[in-house]
Each structure stands twice: as structure tokens, then as C-alpha cells.
Amino acid sequence: MVDRPCFSKKLSVEDFKRFYWYKTELAQICKDNQLPSYGTKAELNQYIIQYLSGIPQSQIKTVRTSTHISPLKTERINPQTKLLASGFKLNAEARKFFADYFQMSKFSFKKSMAIKMRQVQSDQDTSATVQDLIDAYQNKTLADNDEEHTYQWNNFVKDFNHDERSKNYSQKMKVAAIIWSKVRDGQTDKTYRSQLIDQYQSKIEKYRKI
């Protein structure tokens with residue numbers, strides 16, 4: 001397993017993307033290197049990738065805009081509606097549209113739709129349309145992305161707690177955090193497997209119940 005390197009301007013984009021970084025770490029990296037330091041995790045990642053690609057800090061601008069566009073009403077929304085610069089938002093009007101589109105009496109946005117919307121905003125993907133959100137809702141095009149990594153820790157802890165072997169340890173959250181830190185900084189899948197307990201036994205042995 002390769003340990004995660006410290007961040008520096010000499011780090012390649014490929015190596016940066018290979019490892020997991022917390023949002024707080026990304027924000028601090030941006031601050032330290034005079035980059036925009038506010039926004040979603042995906043946005044912060046994009047600023048850093050531009051920086052590592054050789055783009056001068058002065059040319060790396062926040063992807064957010066202060067332009068005010070009136071929110072779209074339900075009757076003006078259709079699958080071809082652009083997600084950016086159109087007034088479209090994941091609000092009550094959009095909820096009415098999706099309820100009608102899917103023929104539901106009550107519609108709730110899925111996490112996948114919010115992730116897709118943030119990804120579009122981060123990439124400034126002007127070609128993205130409401131159809132992309134429909135596809136995300138139907139799980140047609142859900143791919144791994146930076147924003148999805150935000151949920152990896154919660155899923156890791158949940159799966160660890162479901163493992164019967166976790167009951168053999170006191171301070172279970174501490175044990176999970178120790179194992180997670182190794183998995184997070186490694187190059188394997190960021191998911192919990194029971195064999196990780198064996199792999200990192202020397203690190204967690206002192207928490208084993210007598």
C-alpha cells in the first residue's frame with residue numbers, strides 16, 4: 001500500500017486524484033495556495049487540479065456566479081431545459097415538474113440528483129439538461145465522482161458496525177477510524193471488508209475486549 005503523499009505543487013494530477021482528501025483539507029490547500037477556498041468538495045478539487053495542471057492562480061476563478069436569474073416556473077421546465085443560466089433550481093417548482101413527469105402524487109429529490117447538479121455547476125457544463133437529472137434519478141448514469149466520496153466514511157462505519165467481528169472491540173468508532181485512515185490513504189476501494197480487521201490487527205489490538 002502506498003501512503004498518501006503530502007500536497008505540493010510538484011504533485012501530479014494523477015497522484016492527487018488517486019488519493020482521498022477531506023473537504024477541510026482541500027479548503028486549506030486552496031487557502032495556502034491563494035486559490036478560491038469556498039464551494040463544494042467537487043469545486044475545490046477542480047481548483048486544485050487546475051493549479052496542478054500549471055494554470056496560474058490569478059486565472060483560476062470561482063465557478064459560482066452572482067448573476068441573478070428568476071427561478072423557472074413549472075410550466076417552463078421540460079427535459080431539454082438547461083441546468084445552468086436558465087433559472088432552473090431544485091426547488092418546489094422543479095419538484096412539481098418531476099412529480100408530473102413521473103406521474104407521482106408526491107416527488108422527493110434523490111441524492112443522486114443533487115450530486116449531478118453540483119457536478120454540473122462545478123464543471124460549468126452548459127450542455128447539461130433536465131434530462132441528465134432524470135437519468136440520475138433513474139440511476140442510468142451514476143458514476144463515481146468526487147462528491148460521492150463524501151459519503152464513503154459513513155458507509156464504511158455502517159458496514160463496520162454490521163460486521164459481527166466489530167463487537168469484539170471497545171471504542172468501535174475509534175477502531176473504525178484507525179482502519180479507515182489506512183484505507184482512505186491507500187489505493188484500494190474505499191469500502192469496508194471484514195479482512196481489514198486482520199490486515200490492521202496490530203493497529204487496533206489494544207481496543208480488543210478481554
# chains A, B, ... in the order shown; residues from 1 in each chain; ligands from 1

$ residues_around --residues "range 129-138 of chain A" --least-positions-apart "3" --cutoff "8 Å" --atoms "only C-alpha atoms" --output "list in words"
Asn78, Pro79, Gln80, Thr81, Lys82, Leu83, Phe109, Lys110, Ser112, Met113, Lys116, Met117, Thr141 and Leu142 of chain A

$ select_by_dssp --residues "chain A" --states "helix (DSSP H, G or I)" --output "PyMOL selection string"
chain A and resi 13-18+23-32+41-52+57-59+74-76+92-101+111-123+130-137+147-162+164-168+172-184+195-199+201-207

$ closest_residue --among "A:Thr74, A:Thr40, A:Asn161, A:Gln199" --to "Phe97 in chain A" --atoms "only C-alpha atoms"
A:Thr74

$ atom_distance --atom1 "CA of Thr24 in chain A" --atom2 "CA of Asp185 in chain A"
15.4 Å

$ atom_distance --atom1 "CA of Ala27 in chain A" --atom2 "CA of Asp189 in chain A"
24.0 Å

$ closest_residue --among "A:Cys30, A:Ala128, A:Gly54, A:Glu25" --to "Ser12 in chain A" --atoms "only C-alpha atoms"
A:Gly54

$ residues_around --residues "Gln152 in chain A" --least-positions-apart "6" --cutoff "12 Å" --atoms "only C-alpha atoms" --output "list in words"
Tyr20, Trp21, Tyr22, Asp144, Asn145, Asp146, Lys158, Asp159, Trp180, Ser181, Val183, Arg184, Asp189, Lys190, Thr191 and Tyr192 of chain A

$ decode --residues "range 69-150 of chain A" --atoms "C-alpha atoms" --output "PDB file, in the first residue's frame"
ATOM      1  CA  ILE A  69     -31.922  34.866 -12.914  1.00  0.00           C
ATOM      2  CA  SER A  70     -35.561  34.455 -11.977  1.00  0.00           C
ATOM      3  CA  PRO A  71     -36.349  30.848 -10.978  1.00  0.00           C
ATOM      4  CA  LEU A  72     -38.227  28.884 -13.633  1.00  0.00           C
ATOM      5  CA  LYS A  73     -41.885  28.091 -13.121  1.00  0.00           C
ATOM      6  CA  THR A  74     -43.083  24.502 -13.521  1.00  0.00           C
ATOM      7  CA  GLU A  75     -44.773  25.130 -16.874  1.00  0.00           C
ATOM      8  CA  ARG A  76     -41.489  26.368 -18.380  1.00  0.00           C
ATOM      9  CA  ILE A  77     -39.494  23.272 -17.406  1.00  0.00           C
ATOM     10  CA  ASN A  78     -39.021  20.351 -19.805  1.00  0.00           C
ATOM     11  CA  PRO A  79     -36.365  17.619 -20.334  1.00  0.00           C
ATOM     12  CA  GLN A  80     -34.411  19.906 -22.693  1.00  0.00           C
ATOM     13  CA  THR A  81     -34.192  22.779 -20.191  1.00  0.00           C
ATOM     14  CA  LYS A  82     -30.591  23.753 -19.491  1.00  0.00           C
ATOM     15  CA  LEU A  83     -29.455  23.299 -15.896  1.00  0.00           C
ATOM     16  CA  LEU A  84     -27.207  26.376 -15.986  1.00  0.00           C
ATOM     17  CA  ALA A  85     -28.110  30.008 -16.702  1.00  0.00           C
ATOM     18  CA  SER A  86     -31.783  29.173 -17.208  1.00  0.00           C
ATOM     19  CA  GLY A  87     -33.198  29.812 -13.762  1.00  0.00           C
ATOM     20  CA  PHE A  88     -33.631  26.092 -13.083  1.00  0.00           C
ATOM     21  CA  LYS A  89     -33.242  25.083  -9.447  1.00  0.00           C
ATOM     22  CA  LEU A  90     -34.021  22.014  -7.361  1.00  0.00           C
ATOM     23  CA  ASN A  91     -36.955  23.748  -5.704  1.00  0.00           C
ATOM     24  CA  ALA A  92     -40.713  23.348  -5.318  1.00  0.00           C
ATOM     25  CA  GLU A  93     -41.320  24.243  -8.984  1.00  0.00           C
ATOM     26  CA  ALA A  94     -38.901  21.545 -10.140  1.00  0.00           C
ATOM     27  CA  ARG A  95     -40.485  19.087  -7.707  1.00  0.00           C
ATOM     28  CA  LYS A  96     -43.872  19.712  -9.331  1.00  0.00           C
ATOM     29  CA  PHE A  97     -42.379  19.094 -12.777  1.00  0.00           C
ATOM     30  CA  PHE A  98     -40.799  15.787 -11.758  1.00  0.00           C
ATOM     31  CA  ALA A  99     -43.968  14.666  -9.973  1.00  0.00           C
ATOM     32  CA  ASP A 100     -45.899  15.239 -13.204  1.00  0.00           C
ATOM     33  CA  TYR A 101     -43.170  13.684 -15.366  1.00  0.00           C
ATOM     34  CA  PHE A 102     -43.003  10.503 -13.278  1.00  0.00           C
ATOM     35  CA  GLN A 103     -46.761  10.575 -12.606  1.00  0.00           C
ATOM     36  CA  MET A 104     -46.376  10.680  -8.835  1.00  0.00           C
ATOM     37  CA  SER A 105     -48.621  12.371  -6.314  1.00  0.00           C
ATOM     38  CA  LYS A 106     -45.561  13.363  -4.278  1.00  0.00           C
ATOM     39  CA  PHE A 107     -41.975  13.582  -5.535  1.00  0.00           C
ATOM     40  CA  SER A 108     -38.761  13.701  -3.498  1.00  0.00           C
ATOM     41  CA  PHE A 109     -35.354  14.566  -4.914  1.00  0.00           C
ATOM     42  CA  LYS A 110     -32.764  11.796  -4.752  1.00  0.00           C
ATOM     43  CA  LYS A 111     -29.229  12.317  -3.518  1.00  0.00           C
ATOM     44  CA  SER A 112     -28.004  11.344  -6.993  1.00  0.00           C
ATOM     45  CA  MET A 113     -29.830  14.340  -8.476  1.00  0.00           C
ATOM     46  CA  ALA A 114     -28.211  16.786  -6.054  1.00  0.00           C
ATOM     47  CA  ILE A 115     -24.798  15.257  -6.773  1.00  0.00           C
ATOM     48  CA  LYS A 116     -25.365  15.588 -10.511  1.00  0.00           C
ATOM     49  CA  MET A 117     -26.462  19.219 -10.121  1.00  0.00           C
ATOM     50  CA  ARG A 118     -23.357  20.100  -8.096  1.00  0.00           C
ATOM     51  CA  GLN A 119     -21.145  18.316 -10.609  1.00  0.00           C
ATOM     52  CA  VAL A 120     -22.676  20.324 -13.456  1.00  0.00           C
ATOM     53  CA  GLN A 121     -22.124  23.565 -11.527  1.00  0.00           C
ATOM     54  CA  SER A 122     -18.543  22.631 -10.692  1.00  0.00           C
ATOM     55  CA  ASP A 123     -17.675  21.709 -14.294  1.00  0.00           C
ATOM     56  CA  GLN A 124     -19.744  24.591 -15.701  1.00  0.00           C
ATOM     57  CA  ASP A 125     -21.280  22.043 -18.067  1.00  0.00           C
ATOM     58  CA  THR A 126     -23.516  24.266 -20.198  1.00  0.00           C
ATOM     59  CA  SER A 127     -24.713  21.268 -22.224  1.00  0.00           C
ATOM     60  CA  ALA A 128     -26.372  19.591 -19.217  1.00  0.00           C
ATOM     61  CA  THR A 129     -30.173  19.475 -19.221  1.00  0.00           C
ATOM     62  CA  VAL A 130     -33.032  18.340 -17.017  1.00  0.00           C
ATOM     63  CA  GLN A 131     -32.809  15.021 -18.863  1.00  0.00           C
ATOM     64  CA  ASP A 132     -29.496  14.423 -17.078  1.00  0.00           C
ATOM     65  CA  LEU A 133     -31.301  14.741 -13.746  1.00  0.00           C
ATOM     66  CA  ILE A 134     -33.989  12.352 -14.960  1.00  0.00           C
ATOM     67  CA  ASP A 135     -31.259   9.863 -15.856  1.00  0.00           C
ATOM     68  CA  ALA A 136     -29.607  10.357 -12.465  1.00  0.00           C
ATOM     69  CA  TYR A 137     -32.943   9.738 -10.731  1.00  0.00           C
ATOM     70  CA  GLN A 138     -33.338   6.516 -12.688  1.00  0.00           C
ATOM     71  CA  ASN A 139     -29.733   5.557 -11.933  1.00  0.00           C
ATOM     72  CA  LYS A 140     -28.815   5.326 -15.601  1.00  0.00           C
ATOM     73  CA  THR A 141     -25.620   7.345 -15.459  1.00  0.00           C
ATOM     74  CA  LEU A 142     -24.485   7.261 -11.855  1.00  0.00           C
ATOM     75  CA  ALA A 143     -20.703   7.213 -11.988  1.00  0.00           C
ATOM     76  CA  ASP A 144     -18.202   7.574  -9.207  1.00  0.00           C
ATOM     77  CA  ASN A 145     -17.294  11.223  -8.675  1.00  0.00           C
ATOM     78  CA  ASP A 146     -15.632  13.460  -6.140  1.00  0.00           C
ATOM     79  CA  GLU A 147     -18.856  14.468  -4.488  1.00  0.00           C
ATOM     80  CA  GLU A 148     -19.891  10.851  -3.939  1.00  0.00           C
ATOM     81  CA  HIS A 149     -16.706  10.296  -1.915  1.00  0.00           C
ATOM     82  CA  THR A 150     -18.229  12.459   0.808  1.00  0.00           C
TER      83      THR A 150
END
